[in-house]
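Visitor: So here's work22.tsv, just TSV, C-alpha atoms and all ligand atoms:
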chain	number	residue	atom	x	y	z
A	5	MET	CA	71.62	-140.21	-60.44
A	6	ILE	CA	71.18	-138.89	-63.94
A	7	ILE	CA	73.65	-136.04	-64.53
A	8	PRO	CA	72.22	-133.13	-66.53
A	9	ASN	CA	73.97	-132.00	-69.71
A	10	GLN	CA	77.51	-130.75	-68.96
A	11	ARG	CA	78.30	-129.03	-72.25
A	12	HIS	CA	78.99	-125.73	-70.48
A	13	LEU	CA	82.22	-127.28	-69.18
A	14	PHE	CA	83.46	-127.97	-72.73
A	15	ASP	CA	84.40	-125.83	-75.71
A	16	ILE	CA	82.07	-127.58	-78.17
A	17	PRO	CA	80.24	-125.41	-80.71
A	18	ASP	CA	76.45	-125.85	-80.84
A	19	ASP	CA	76.56	-127.29	-84.34
A	20	VAL	CA	79.03	-130.08	-83.48
A	21	ALA	CA	77.62	-133.49	-82.54
A	22	TYR	CA	80.62	-135.30	-81.04
A	23	LEU	CA	79.68	-138.92	-80.34
A	24	ASN	CA	83.23	-140.20	-80.45
A	25	THR	CA	84.62	-140.29	-76.91
A	26	ALA	CA	86.07	-143.72	-77.75
A	27	TYR	CA	88.41	-141.90	-80.16
A	28	MET	CA	89.33	-139.27	-77.61
A	29	SER	CA	87.44	-137.11	-75.15
A	30	PRO	CA	87.51	-133.32	-75.50
A	31	LEU	CA	89.41	-131.46	-72.76
A	32	MET	CA	87.23	-129.43	-70.40
A	33	TYR	CA	87.92	-125.73	-69.80
A	34	ASP	CA	89.21	-126.50	-66.28
A	35	VAL	CA	91.54	-129.16	-67.63
A	36	THR	CA	92.97	-126.80	-70.24
A	37	ALA	CA	93.41	-124.11	-67.58
A	38	ALA	CA	95.27	-126.57	-65.34
A	39	MET	CA	97.51	-127.58	-68.23
A	40	GLN	CA	98.22	-123.94	-69.00
A	41	ALA	CA	99.07	-123.31	-65.35
A	42	GLY	CA	101.43	-126.30	-65.52
A	43	THR	CA	103.08	-124.89	-68.63
A	44	ALA	CA	103.37	-121.49	-66.94
A	45	SER	CA	105.41	-123.07	-64.15
A	46	LYS	CA	108.01	-124.06	-66.76
A	47	VAL	CA	107.96	-120.53	-68.16
A	48	ARG	CA	109.00	-119.46	-64.64
A	49	PRO	CA	110.90	-122.48	-63.33
A	50	TRP	CA	111.71	-120.79	-60.04
A	51	THR	CA	108.01	-121.22	-59.19
A	52	PHE	CA	108.23	-125.01	-59.56
A	53	THR	CA	110.03	-126.42	-56.52
A	54	PRO	CA	111.63	-129.86	-56.08
A	55	ASP	CA	108.73	-130.74	-53.76
A	56	ASP	CA	106.31	-129.97	-56.60
A	57	PHE	CA	107.73	-132.87	-58.63
A	58	PHE	CA	106.40	-135.19	-55.95
A	59	SER	CA	103.24	-133.39	-54.88
A	60	ILE	CA	101.77	-133.21	-58.41
A	61	SER	CA	102.60	-136.87	-59.00
A	62	GLU	CA	101.06	-138.04	-55.73
A	63	LYS	CA	97.93	-135.97	-56.32
A	64	ALA	CA	97.35	-137.57	-59.74
A	65	ARG	CA	98.16	-141.03	-58.38
A	66	ALA	CA	95.70	-140.69	-55.49
A	67	LEU	CA	92.91	-139.55	-57.81
A	68	ALA	CA	93.57	-142.36	-60.29
A	69	ALA	CA	93.58	-144.87	-57.41
A	70	GLN	CA	90.03	-143.82	-56.54
A	71	VAL	CA	88.87	-144.50	-60.08
A	72	PHE	CA	90.51	-147.96	-60.00
A	73	HIS	CA	89.12	-148.55	-56.46
A	74	THR	CA	92.46	-149.24	-54.89
A	75	GLU	CA	95.24	-147.71	-52.79
A	76	ALA	CA	97.54	-145.11	-54.34
A	77	GLN	CA	100.53	-147.38	-53.68
A	78	ASN	CA	99.19	-149.84	-56.25
A	79	ILE	CA	99.25	-147.25	-59.05
A	80	ALA	CA	102.17	-146.32	-61.31
A	81	ILE	CA	102.20	-143.19	-63.47
A	82	ILE	CA	103.09	-144.07	-67.04
A	83	ASN	CA	102.58	-142.69	-70.54
A	84	SER	CA	100.75	-145.30	-72.61
A	85	VAL	CA	99.04	-148.65	-72.63
A	86	SER	CA	101.94	-150.25	-74.51
A	87	TYR	CA	104.28	-149.16	-71.68
A	88	GLY	CA	101.99	-150.73	-69.09
A	89	ILE	CA	101.54	-154.01	-70.94
A	90	GLN	CA	105.28	-154.18	-71.56
A	91	THR	CA	105.83	-153.79	-67.81
A	92	ALA	CA	103.52	-156.77	-67.28
A	93	THR	CA	105.37	-158.88	-69.86
A	94	ASN	CA	108.65	-158.08	-68.10
A	95	ASN	CA	107.38	-159.52	-64.85
A	96	LEU	CA	104.88	-162.33	-65.37
A	97	PRO	CA	106.27	-165.86	-65.44
A	98	ILE	CA	105.60	-167.99	-68.51
A	99	THR	CA	107.40	-171.05	-69.80
A	100	ALA	CA	107.75	-172.85	-73.14
A	101	GLY	CA	104.51	-174.43	-74.31
A	102	GLN	CA	102.26	-172.25	-72.14
A	103	GLU	CA	99.61	-169.90	-73.57
A	104	ILE	CA	98.60	-166.27	-73.42
A	105	LEU	CA	94.88	-165.83	-74.17
A	106	VAL	CA	93.75	-162.73	-76.09
A	107	LEU	CA	90.52	-161.81	-77.88
A	108	ASP	CA	90.17	-161.55	-81.62
A	109	ALA	CA	90.71	-157.96	-82.85
A	110	GLN	CA	91.92	-156.71	-79.50
A	111	PHE	CA	93.71	-153.32	-79.46
A	112	PRO	CA	97.31	-153.77	-80.72
A	113	SER	CA	98.97	-152.33	-77.58
A	114	ASN	CA	97.59	-155.40	-75.79
A	115	ILE	CA	98.83	-157.77	-78.51
A	116	TYR	CA	102.32	-156.88	-79.72
A	117	PRO	CA	104.06	-157.12	-76.30
A	118	TRP	CA	102.53	-160.59	-75.80
A	119	ARG	CA	103.67	-161.76	-79.22
A	120	ASP	CA	107.19	-160.70	-78.35
A	121	LEU	CA	107.06	-162.40	-74.95
A	122	ALA	CA	105.72	-165.61	-76.49
A	123	ALA	CA	108.47	-165.60	-79.14
A	124	GLN	CA	111.16	-165.12	-76.47
A	125	ARG	CA	109.90	-167.94	-74.22
A	126	GLY	CA	108.66	-170.50	-76.73
A	127	ALA	CA	105.11	-169.82	-75.56
A	128	ALA	CA	102.06	-169.10	-77.74
A	129	VAL	CA	99.52	-166.32	-78.08
A	130	ARG	CA	96.13	-167.96	-78.51
A	131	THR	CA	93.57	-165.67	-80.14
A	132	LEU	CA	89.98	-166.46	-79.21
A	133	SER	CA	87.24	-166.12	-81.80
A	134	TYR	CA	83.82	-164.77	-81.00
A	135	PRO	CA	81.54	-167.71	-80.19
A	136	LYS	CA	79.24	-168.33	-83.14
A	137	ASP	CA	76.61	-170.22	-81.15
A	138	GLY	CA	75.14	-167.18	-79.42
A	139	GLY	CA	77.70	-167.19	-76.60
A	140	THR	CA	79.55	-164.16	-75.26
A	141	TRP	CA	83.18	-163.05	-75.00
A	142	SER	CA	83.11	-164.21	-71.37
A	143	ASP	CA	82.02	-167.68	-72.53
A	144	ALA	CA	84.88	-167.70	-75.03
A	145	VAL	CA	87.48	-166.85	-72.38
A	146	LEU	CA	86.08	-169.18	-69.72
A	147	GLY	CA	85.87	-172.02	-72.23
A	148	ALA	CA	89.47	-171.52	-73.37
A	149	ILE	CA	91.23	-171.51	-69.99
A	150	THR	CA	93.18	-174.71	-69.43
A	151	GLU	CA	96.04	-175.89	-67.21
A	152	ASN	CA	98.28	-174.52	-69.94
A	153	THR	CA	97.05	-170.94	-69.65
A	154	ALA	CA	99.69	-168.68	-68.08
A	155	ILE	CA	98.22	-165.25	-68.82
A	156	ILE	CA	94.82	-163.88	-69.83
A	157	ALA	CA	95.33	-160.49	-71.46
A	158	THR	CA	92.06	-158.78	-72.18
A	159	ALA	CA	89.83	-155.81	-71.28
A	160	HIS	CA	86.68	-154.95	-69.34
A	161	MET	CA	84.91	-154.67	-72.71
A	162	HIS	CA	85.79	-155.17	-76.34
A	163	TRP	CA	86.88	-151.85	-77.85
A	164	ALA	CA	85.16	-152.52	-81.21
A	165	ASN	CA	81.60	-153.03	-79.98
A	166	GLY	CA	81.41	-152.44	-76.23
A	167	GLU	CA	80.61	-156.01	-75.14
A	168	VAL	CA	81.44	-156.37	-71.44
A	169	LEU	CA	83.36	-159.30	-69.99
A	170	ASP	CA	82.50	-160.86	-66.65
A	171	LEU	CA	85.83	-160.15	-65.01
A	172	MET	CA	84.89	-161.73	-61.68
A	173	ALA	CA	84.20	-165.03	-63.42
A	174	VAL	CA	87.42	-164.77	-65.45
A	175	ARG	CA	89.44	-163.99	-62.30
A	176	ALA	CA	87.91	-166.95	-60.47
A	177	ALA	CA	88.74	-169.30	-63.37
A	178	ALA	CA	92.27	-167.89	-63.61
A	179	ASP	CA	92.79	-168.38	-59.86
A	180	LYS	CA	91.95	-172.08	-60.14
A	181	ILE	CA	94.96	-172.69	-62.38
A	182	GLY	CA	97.21	-169.87	-61.13
A	183	ALA	CA	97.03	-167.81	-64.35
A	184	ALA	CA	97.69	-164.07	-64.40
A	185	LEU	CA	95.03	-161.55	-65.49
A	186	VAL	CA	96.15	-158.42	-67.34
A	187	LEU	CA	93.58	-155.79	-68.35
A	188	ASP	CA	93.53	-152.86	-70.74
A	189	LEU	CA	90.86	-150.59	-69.25
A	190	THR	CA	91.40	-147.68	-71.64
A	191	GLN	CA	87.93	-147.84	-73.18
A	192	SER	CA	86.11	-148.30	-69.90
A	193	LEU	CA	87.82	-146.77	-66.85
A	194	GLY	CA	86.04	-143.56	-65.90
A	195	ALA	CA	82.72	-144.56	-67.50
A	196	LEU	CA	82.18	-148.21	-66.53
A	197	PRO	CA	82.63	-148.84	-62.80
A	198	PHE	CA	85.65	-151.02	-62.04
A	199	ASP	CA	86.79	-152.42	-58.70
A	200	ALA	CA	90.42	-153.49	-58.58
A	201	GLN	CA	89.93	-154.81	-55.04
A	202	ALA	CA	87.26	-157.22	-56.24
A	203	VAL	CA	88.72	-158.18	-59.64
A	204	ARG	CA	92.36	-158.33	-58.47
A	205	PRO	CA	94.02	-158.10	-61.89
A	206	ASP	CA	97.75	-158.74	-61.80
A	207	PHE	CA	98.27	-155.63	-63.93
A	208	ALA	CA	95.67	-153.22	-65.35
A	209	VAL	CA	96.40	-150.21	-67.48
A	210	ALA	CA	94.32	-147.27	-68.74
A	211	ALA	CA	95.25	-144.32	-70.91
A	212	SER	CA	93.82	-141.05	-69.62
A	213	TYR	CA	92.78	-139.40	-72.89
A	214	LYS	CA	89.50	-141.22	-73.41
A	215	TRP	CA	87.06	-141.87	-70.55
A	216	MET	CA	89.30	-140.38	-67.86
A	217	MET	CA	88.88	-137.10	-69.80
A	218	GLY	CA	92.57	-136.20	-69.58
A	219	PRO	CA	95.38	-135.28	-71.98
A	220	TYR	CA	97.28	-137.55	-74.36
A	221	THR	CA	100.52	-139.31	-73.26
A	222	SER	CA	99.31	-139.99	-69.72
A	223	ALA	CA	98.25	-143.36	-68.39
A	224	PHE	CA	98.07	-145.32	-65.15
A	225	LEU	CA	99.12	-148.86	-64.32
A	226	TYR	CA	97.53	-150.81	-61.49
A	227	VAL	CA	99.97	-153.36	-60.08
A	228	ASP	CA	98.81	-156.04	-57.67
A	229	PRO	CA	100.94	-156.01	-54.48
A	230	LYS	CA	102.16	-159.49	-55.48
A	231	TRP	CA	104.30	-157.81	-58.18
A	232	HIS	CA	105.57	-154.84	-56.21
A	233	ASP	CA	109.13	-156.15	-56.14
A	234	GLY	CA	109.39	-156.60	-59.92
A	235	ARG	CA	111.51	-155.15	-62.68
A	236	PRO	CA	110.59	-151.67	-63.93
A	237	MET	CA	110.87	-150.64	-67.56
A	238	GLU	CA	113.37	-147.91	-66.72
A	239	PHE	CA	115.91	-147.44	-63.97
A	240	ASN	CA	114.78	-143.94	-63.29
A	241	TRP	CA	116.32	-141.91	-60.45
A	242	MET	CA	113.00	-140.61	-59.15
A	243	ASN	CA	111.76	-144.13	-58.47
A	244	ARG	CA	114.57	-144.76	-56.00
A	245	LYS	CA	114.16	-144.43	-52.26
A	246	GLY	CA	114.96	-140.95	-50.96
A	247	SER	CA	114.90	-139.25	-54.36
A	248	GLU	CA	112.98	-136.35	-52.76
A	249	ASN	CA	116.34	-135.14	-51.44
A	250	PHE	CA	117.91	-133.55	-54.53
A	251	SER	CA	121.18	-132.87	-52.75
A	252	LYS	CA	121.77	-136.62	-52.16
A	253	LEU	CA	120.90	-138.02	-55.60
A	254	THR	CA	124.38	-139.35	-56.20
A	255	ASP	CA	124.33	-141.34	-52.96
A	256	TYR	CA	123.08	-144.16	-55.22
A	257	VAL	CA	120.75	-146.65	-53.57
A	258	ASP	CA	119.35	-150.04	-54.56
A	259	ASP	CA	116.00	-149.57	-52.85
A	260	TYR	CA	112.94	-148.22	-54.65
A	261	GLN	CA	110.08	-146.00	-53.64
A	262	PRO	CA	107.30	-148.15	-52.10
A	263	GLY	CA	104.63	-150.17	-53.87
A	264	ALA	CA	104.03	-149.69	-57.57
A	265	LEU	CA	106.03	-146.45	-57.65
A	266	ARG	CA	109.06	-148.34	-58.97
A	267	TYR	CA	107.13	-148.72	-62.24
A	268	ASP	CA	106.62	-144.98	-62.78
A	269	MET	CA	107.96	-143.72	-66.10
A	270	GLY	CA	110.92	-141.34	-66.29
A	271	GLU	CA	110.04	-137.63	-66.14
A	272	LYS	CA	106.56	-138.45	-64.88
A	273	ALA	CA	106.25	-135.12	-63.07
A	274	ASN	CA	105.30	-132.99	-66.08
A	275	PRO	CA	103.15	-130.21	-64.59
A	276	ALA	CA	101.37	-129.48	-67.87
A	277	LEU	CA	100.23	-133.08	-68.26
A	278	LEU	CA	99.66	-134.06	-64.64
A	279	GLY	CA	97.83	-130.82	-63.90
A	280	GLY	CA	95.39	-131.70	-66.67
A	281	VAL	CA	95.11	-135.32	-65.57
A	282	SER	CA	94.27	-134.32	-62.00
A	283	ALA	CA	91.74	-131.67	-63.04
A	284	ALA	CA	90.02	-134.20	-65.29
A	285	LEU	CA	89.95	-136.94	-62.67
A	286	THR	CA	88.64	-134.51	-60.06
A	287	GLN	CA	85.67	-133.80	-62.33
A	288	VAL	CA	85.12	-137.49	-63.16
A	289	LEU	CA	85.10	-138.35	-59.44
A	290	ASP	CA	82.84	-135.42	-58.72
A	291	TRP	CA	80.31	-136.68	-61.27
A	292	GLY	CA	80.85	-140.22	-59.96
A	293	VAL	CA	81.60	-143.11	-62.32
A	294	GLU	CA	78.31	-144.87	-61.42
A	295	ASN	CA	76.39	-141.70	-62.29
A	296	ILE	CA	78.31	-141.26	-65.53
A	297	ALA	CA	77.47	-144.83	-66.52
A	298	GLU	CA	73.80	-144.41	-65.63
A	299	SER	CA	73.57	-141.11	-67.52
A	300	LEU	CA	75.31	-142.43	-70.61
A	301	ARG	CA	73.10	-145.52	-70.54
A	302	VAL	CA	70.09	-143.27	-71.06
A	303	LYS	CA	71.73	-141.74	-74.14
A	304	THR	CA	72.99	-145.00	-75.66
A	305	ASN	CA	69.67	-146.76	-74.98
A	306	HIS	CA	67.82	-143.95	-76.73
A	307	LEU	CA	70.20	-144.13	-79.71
A	308	ALA	CA	69.98	-147.93	-79.80
A	309	GLY	CA	66.18	-147.72	-80.02
A	310	GLN	CA	66.31	-145.26	-82.91
A	311	LEU	CA	68.98	-147.23	-84.78
A	312	THR	CA	67.06	-150.49	-84.33
A	313	ALA	CA	63.98	-148.80	-85.74
A	314	MET	CA	65.87	-147.99	-88.95
A	315	GLY	CA	67.02	-151.60	-89.33
A	316	LEU	CA	70.53	-151.41	-87.83
A	317	ARG	CA	71.78	-153.82	-85.18
A	318	PRO	CA	73.08	-152.17	-82.02
A	319	MET	CA	74.63	-154.45	-79.40
A	320	ALA	CA	72.05	-155.80	-76.97
A	321	ALA	CA	71.70	-153.73	-73.80
A	322	ALA	CA	72.17	-156.86	-71.66
A	323	ILE	CA	75.74	-157.48	-72.81
A	324	ARG	CA	77.06	-154.05	-73.75
A	325	SER	CA	78.64	-151.43	-71.57
A	326	PRO	CA	76.30	-148.51	-70.78
A	327	HIS	CA	78.68	-145.93	-72.27
A	328	TYR	CA	79.58	-147.67	-75.50
A	329	LEU	CA	77.27	-148.51	-78.38
A	330	GLY	CA	78.60	-150.81	-81.10
A	331	VAL	CA	76.30	-150.90	-84.12
A	332	ALA	CA	76.39	-153.57	-86.82
A	333	PHE	CA	75.00	-152.95	-90.31
A	334	PRO	CA	72.88	-155.61	-92.04
A	335	LYS	CA	74.25	-154.24	-95.32
A	336	ALA	CA	77.61	-152.46	-95.62
A	337	PRO	CA	77.26	-148.67	-95.23
A	338	PRO	CA	78.64	-146.31	-97.91
A	339	GLU	CA	82.48	-146.34	-97.79
A	340	ASP	CA	82.56	-142.61	-97.06
A	341	ILE	CA	79.91	-142.62	-94.35
A	342	LEU	CA	82.26	-141.17	-91.72
A	343	ALA	CA	83.43	-138.42	-94.08
A	344	ARG	CA	79.85	-137.58	-94.99
A	345	LEU	CA	78.88	-137.30	-91.33
A	346	ALA	CA	82.02	-135.31	-90.51
A	347	ALA	CA	81.12	-132.85	-93.28
A	348	GLU	CA	77.93	-132.26	-91.28
A	349	ASN	CA	79.84	-131.88	-88.00
A	350	ILE	CA	78.77	-135.28	-86.73
A	351	TYR	CA	81.48	-137.54	-85.36
A	352	VAL	CA	81.47	-141.29	-84.69
A	353	SER	CA	84.01	-143.98	-85.61
A	354	ILE	CA	84.17	-147.44	-87.17
A	355	ARG	CA	86.29	-150.30	-85.79
A	356	GLY	CA	86.10	-153.68	-87.45
A	357	ASP	CA	82.48	-154.38	-88.44
A	358	PHE	CA	81.02	-151.92	-85.95
A	359	MET	CA	80.22	-148.26	-85.85
A	360	ARG	CA	81.11	-146.97	-82.39
A	361	VAL	CA	78.67	-144.40	-81.06
A	362	THR	CA	80.14	-143.09	-77.84
A	363	PRO	CA	78.51	-139.93	-76.45
A	364	HIS	CA	79.50	-138.29	-73.16
A	365	LEU	CA	77.80	-135.86	-70.82
A	366	PHE	CA	78.28	-132.98	-73.28
A	367	VAL	CA	76.05	-134.57	-75.93
A	368	SER	CA	72.64	-132.92	-76.20
A	369	ASP	CA	69.29	-134.30	-77.34
A	370	ASN	CA	69.67	-132.13	-80.42
A	371	ASP	CA	73.06	-133.75	-81.22
A	372	MET	CA	71.50	-137.19	-81.00
A	373	ALA	CA	68.50	-136.22	-83.11
A	374	ARG	CA	70.77	-134.76	-85.78
A	375	PHE	CA	72.96	-137.91	-85.81
A	376	ILE	CA	69.90	-140.14	-86.20
A	377	GLU	CA	68.39	-137.99	-88.91
A	378	ARG	CA	71.60	-137.74	-90.96
A	379	ILE	CA	72.59	-141.41	-90.69
A	380	LYS	CA	69.10	-142.35	-91.79
A	381	ALA	CA	69.46	-140.09	-94.82
A	382	HIS	CA	72.92	-141.45	-95.74
A	383	LEU	CA	71.81	-145.07	-95.43
A	384	GLY	CA	68.56	-144.40	-97.24
A	385	ALA	CA	66.89	-146.16	-94.32
B	401	LIG	C1	91.44	-150.34	-76.14
B	401	LIG	C2	92.56	-149.38	-76.33
B	401	LIG	N1	93.72	-149.58	-75.70
B	401	LIG	C3	94.77	-148.75	-75.84
B	401	LIG	C4	94.71	-147.64	-76.67
B	401	LIG	C5	95.91	-146.73	-76.78
B	401	LIG	O1	97.11	-147.45	-76.59
B	401	LIG	P1	98.49	-146.71	-76.40
B	401	LIG	O2	98.37	-145.92	-75.11
B	401	LIG	O3	99.51	-147.78	-76.31
B	401	LIG	O4	98.67	-145.80	-77.58
B	401	LIG	C6	93.53	-147.40	-77.37
B	401	LIG	C7	93.42	-146.28	-78.32
B	401	LIG	O5	92.54	-146.19	-79.14
B	401	LIG	C8	92.43	-148.29	-77.20
B	401	LIG	O6	91.27	-148.09	-77.83
For the structure just supplied, provide its representation as structure tokens.
Guide:
Amino acid sequence: MIIPNQRHLFDIPDDVAYLNTAYMSPLMYDVTAAMQAGTASKVRPWTFTPDDFFSISEKARALAAQVFHTEAQNIAIINSVSYGIQTATNNLPITAGQEILVLDAQFPSNIYPWRDLAAQRGAAVRTLSYPKDGGTWSDAVLGAITENTAIIATAHMHWANGEVLDLMAVRAAADKIGAALVLDLTQSLGALPFDAQAVRPDFAVAASYKWMMGPYTSAFLYVDPKWHDGRPMEFNWMNRKGSENFSKLTDYVDDYQPGALRYDMGEKANPALLGGVSAALTQVLDWGVENIAESLRVKTNHLAGQLTAMGLRPMAAAIRSPHYLGVAFPKAPPEDILARLAAENIYVSIRGDFMRVTPHLFVSDNDMARFIERIKAHLGA
């Protein structure tokens, strides 16, 4: 189903063309209201009960689980991608001489923890280059997996240009040699359908402030049941069994809360943040991720057609994610192209060699027309 324009849910002035969801999504009115209600409960702490610590956490976890297509018990509430990837590095086995596969120019939160792990264990991070012979990122990963591969740390799509990886094929190849699969879904979860039950990543993390439409400093970590007895980043009291009973907290216990809950970050139950996260996820689920993808595909396909007509090179529809348009330039654009567009209230971003054009449901036909007209003028195309 194509979702009609949803700008009425957002505080976006008519003269702003925001095609930069990959940078961060704007908060909806309902999300801001939920965050304000959460803040108000700290203004009057007697209104925030011990039970609330758990109910707001479990609500957000259950909603996130639906977006990942999994059970709530497989989801941990964390603050950032780097926290989630670090949790994975703390638990996945790897020995000297083995390899961790990553893509060239992958987001740094999915690089630095692996470099550290490799240095500690005498292992190596192997960075895959984009195949020059017309192949895809999936080809690069599938062609690089060997008996020596311990971990494949990648994403559902490359954050610079939106090219999608065939995660089912990667999982199947990883299974053959017993390698772990770790995914950073930050630039896709909420806009590109993902099924944790089918893909079975060992760990998969997503920050909420982009396509999950939530606030900053909130993220979720999917943990395969195989790793539910692992080592958390923090030895936080709330993650221990029976922590709901505040009068017994100093009856220290060794057991944890069930499933992935042991990996929750400390002070997860921030009502201002989790209220916003839950309001945002409620709306995303109400729209439906499939519908969001289909609706954004219409916008990015339209933009791709217009950009192709002026001589630019958008990623081919067959290999790119519907919500994410990476555009290459045959000739380098003016250095200040982003500043020039921003001066006209038009927002996109550049990562590596690609301009990222990432509209959401609030982007109007007029916004797109204005972007096309102005970029054409700036490029002299
Ligand atoms: C692909 C990707 N991963 C992760 C992040 C954010 O990582 P962190 O939560 O560690 O700041 C971003 C932010 O731009 C991103 O684009």
Visitor: Distance limit 6 Å, reference ligand LIG 401 (chain B), atoms considered: only C-alpha atoms and all ligand atoms. Which residues make the cut? Give them as a list of chain:residue names.
Guide: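 The distance check yields A:Ser84, A:Val85, A:Ser86, A:Phe111, A:Ser113, A:Trp163, A:Asp188, A:Thr190, A:Gln191, A:Ala211.
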Visitor: May I have the residues within 10 Å of segment 283-288 of chain A as an mmCIF file with C-alpha atoms, in the frame of the given file, using all atoms listed in the file and disregarding those fewer than 3 positions away in the same chain?
Guide:
data_model
loop_
_atom_site.group_PDB
_atom_site.id
_atom_site.type_symbol
_atom_site.label_atom_id
_atom_site.label_comp_id
_atom_site.auth_asym_id
_atom_site.auth_seq_id
_atom_site.Cartn_x
_atom_site.Cartn_y
_atom_site.Cartn_z
ATOM 1 C CA LEU A 31 89.410 -131.460 -72.760
ATOM 2 C CA MET A 32 87.230 -129.430 -70.400
ATOM 3 C CA TYR A 33 87.920 -125.730 -69.800
ATOM 4 C CA ASP A 34 89.210 -126.500 -66.280
ATOM 5 C CA VAL A 35 91.540 -129.160 -67.630
ATOM 6 C CA THR A 36 92.970 -126.800 -70.240
ATOM 7 C CA ALA A 37 93.410 -124.110 -67.580
ATOM 8 C CA ALA A 38 95.270 -126.570 -65.340
ATOM 9 C CA MET A 39 97.510 -127.580 -68.230
ATOM 10 C CA ALA A 64 97.350 -137.570 -59.740
ATOM 11 C CA ALA A 66 95.700 -140.690 -55.490
ATOM 12 C CA LEU A 67 92.910 -139.550 -57.810
ATOM 13 C CA ALA A 68 93.570 -142.360 -60.290
ATOM 14 C CA GLN A 70 90.030 -143.820 -56.540
ATOM 15 C CA VAL A 71 88.870 -144.500 -60.080
ATOM 16 C CA GLY A 194 86.040 -143.560 -65.900
ATOM 17 C CA ALA A 195 82.720 -144.560 -67.500
ATOM 18 C CA SER A 212 93.820 -141.050 -69.620
ATOM 19 C CA TYR A 213 92.780 -139.400 -72.890
ATOM 20 C CA TRP A 215 87.060 -141.870 -70.550
ATOM 21 C CA MET A 216 89.300 -140.380 -67.860
ATOM 22 C CA MET A 217 88.880 -137.100 -69.800
ATOM 23 C CA GLY A 218 92.570 -136.200 -69.580
ATOM 24 C CA PRO A 219 95.380 -135.280 -71.980
ATOM 25 C CA LEU A 278 99.660 -134.060 -64.640
ATOM 26 C CA GLY A 279 97.830 -130.820 -63.900
ATOM 27 C CA GLY A 280 95.390 -131.700 -66.670
ATOM 28 C CA TRP A 291 80.310 -136.680 -61.270
ATOM 29 C CA GLY A 292 80.850 -140.220 -59.960
ATOM 30 C CA VAL A 293 81.600 -143.110 -62.320
ATOM 31 C CA ASN A 295 76.390 -141.700 -62.290
ATOM 32 C CA ILE A 296 78.310 -141.260 -65.530
#
Visitor: List the spatial neighbours of Thr312 of chain A as a PyMOL selection string - criterion: any atom at most 10 Å away, all atoms listed in the file, same-chain residues fewer than 6 positions off excluded.
Guide: chain A and resi 318-319+331
Visitor: Which residue gives the smallest distance to Phe375 of chain A among A:Ala264, A:Val302, A:Met5, A:Ala21, with only C-alpha atoms counted?
Guide: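 When distances to Phe375 of chain A are compared using only C-alpha atoms, the smallest one comes from A:Ala21.
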Visitor: So that I can see what lies close to Asn78 of chain A, please list as a list in words the residues with an atom at most 9 Å from it, counting all atoms listed in the file and leaving out residues fewer than 2 positions away in the same chain.
Guide: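 Counting only the stated atoms, we get Ala69, Thr74, Glu75, Ala76, Ala80, Leu225, Tyr226, Val227, Asp228, Pro229, His232, Gly263, Ala264 and Leu265 of chain A.
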Visitor: Only C-alpha atoms, please: the residues just picked out, written as a PDB file, in the coordinates of the input.
Guide:
ATOM      1  CA  ALA A  69      93.580-144.870 -57.410  1.00  0.00           C
ATOM      2  CA  THR A  74      92.460-149.240 -54.890  1.00  0.00           C
ATOM      3  CA  GLU A  75      95.240-147.710 -52.790  1.00  0.00           C
ATOM      4  CA  ALA A  76      97.540-145.110 -54.340  1.00  0.00           C
ATOM      5  CA  ALA A  80     102.170-146.320 -61.310  1.00  0.00           C
ATOM      6  CA  LEU A 225      99.120-148.860 -64.320  1.00  0.00           C
ATOM      7  CA  TYR A 226      97.530-150.810 -61.490  1.00  0.00           C
ATOM      8  CA  VAL A 227      99.970-153.360 -60.080  1.00  0.00           C
ATOM      9  CA  ASP A 228      98.810-156.040 -57.670  1.00  0.00           C
ATOM     10  CA  PRO A 229     100.940-156.010 -54.480  1.00  0.00           C
ATOM     11  CA  HIS A 232     105.570-154.840 -56.210  1.00  0.00           C
ATOM     12  CA  GLY A 263     104.630-150.170 -53.870  1.00  0.00           C
ATOM     13  CA  ALA A 264     104.030-149.690 -57.570  1.00  0.00           C
ATOM     14  CA  LEU A 265     106.030-146.450 -57.650  1.00  0.00           C
TER      15      LEU A 265
END
Visitor: List as a PyMOL selection string the protein and nucleic acid residues near Lys180 of chain A, meaning an atom at most 10 Å away when all atoms listed in the file are counted, but skip any in the same chain fewer than 3 places from it.
Guide: chain A and resi 149-151+175-177+183
Visitor: Select, from A:Gly330, A:Pro338, A:Gly315, A:Pro97, the residue with the minimum atom-to-atom distance to Val352 of chain A, counting all atoms listed in the file.
Guide: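 Going through A:Gly330, A:Pro338, A:Gly315, A:Pro97 one by one, the smallest distance to Val352 of chain A is for A:Gly330.
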Visitor: Within 6 Å of (73.0, -148.2, -71.4), only C-alpha atoms: residues as a PyMOL selection string?
Guide: chain A and resi 301-302+304-305+326
Visitor: Using the selection just defined, write its residues with C-alpha atoms as an mmCIF file, keeping the file's coordinate frame.
Guide:
data_model
loop_
_atom_site.group_PDB
_atom_site.id
_atom_site.type_symbol
_atom_site.label_atom_id
_atom_site.label_comp_id
_atom_site.auth_asym_id
_atom_site.auth_seq_id
_atom_site.Cartn_x
_atom_site.Cartn_y
_atom_site.Cartn_z
ATOM 1 C CA ARG A 301 73.100 -145.520 -70.540
ATOM 2 C CA VAL A 302 70.090 -143.270 -71.060
ATOM 3 C CA THR A 304 72.990 -145.000 -75.660
ATOM 4 C CA ASN A 305 69.670 -146.760 -74.980
ATOM 5 C CA PRO A 326 76.300 -148.510 -70.780
#
Visitor: Copy segment 269-274 of chain A out of the block into a file, keeping C-alpha atoms, as a short mmCIF file (atom, residue, chain, number, x, y, z; two decimals), in the first residue's frame.
Guide:
data_model
loop_
_atom_site.label_atom_id
_atom_site.label_comp_id
_atom_site.auth_asym_id
_atom_site.auth_seq_id
_atom_site.Cartn_x
_atom_site.Cartn_y
_atom_site.Cartn_z
CA MET A 269 22.47 -1.02 29.30
CA GLY A 270 22.50 0.57 32.76
CA GLU A 271 19.72 3.11 33.41
CA LYS A 272 17.82 1.89 30.37
CA ALA A 273 14.47 2.95 31.84
CA ASN A 274 14.67 6.64 30.96
#
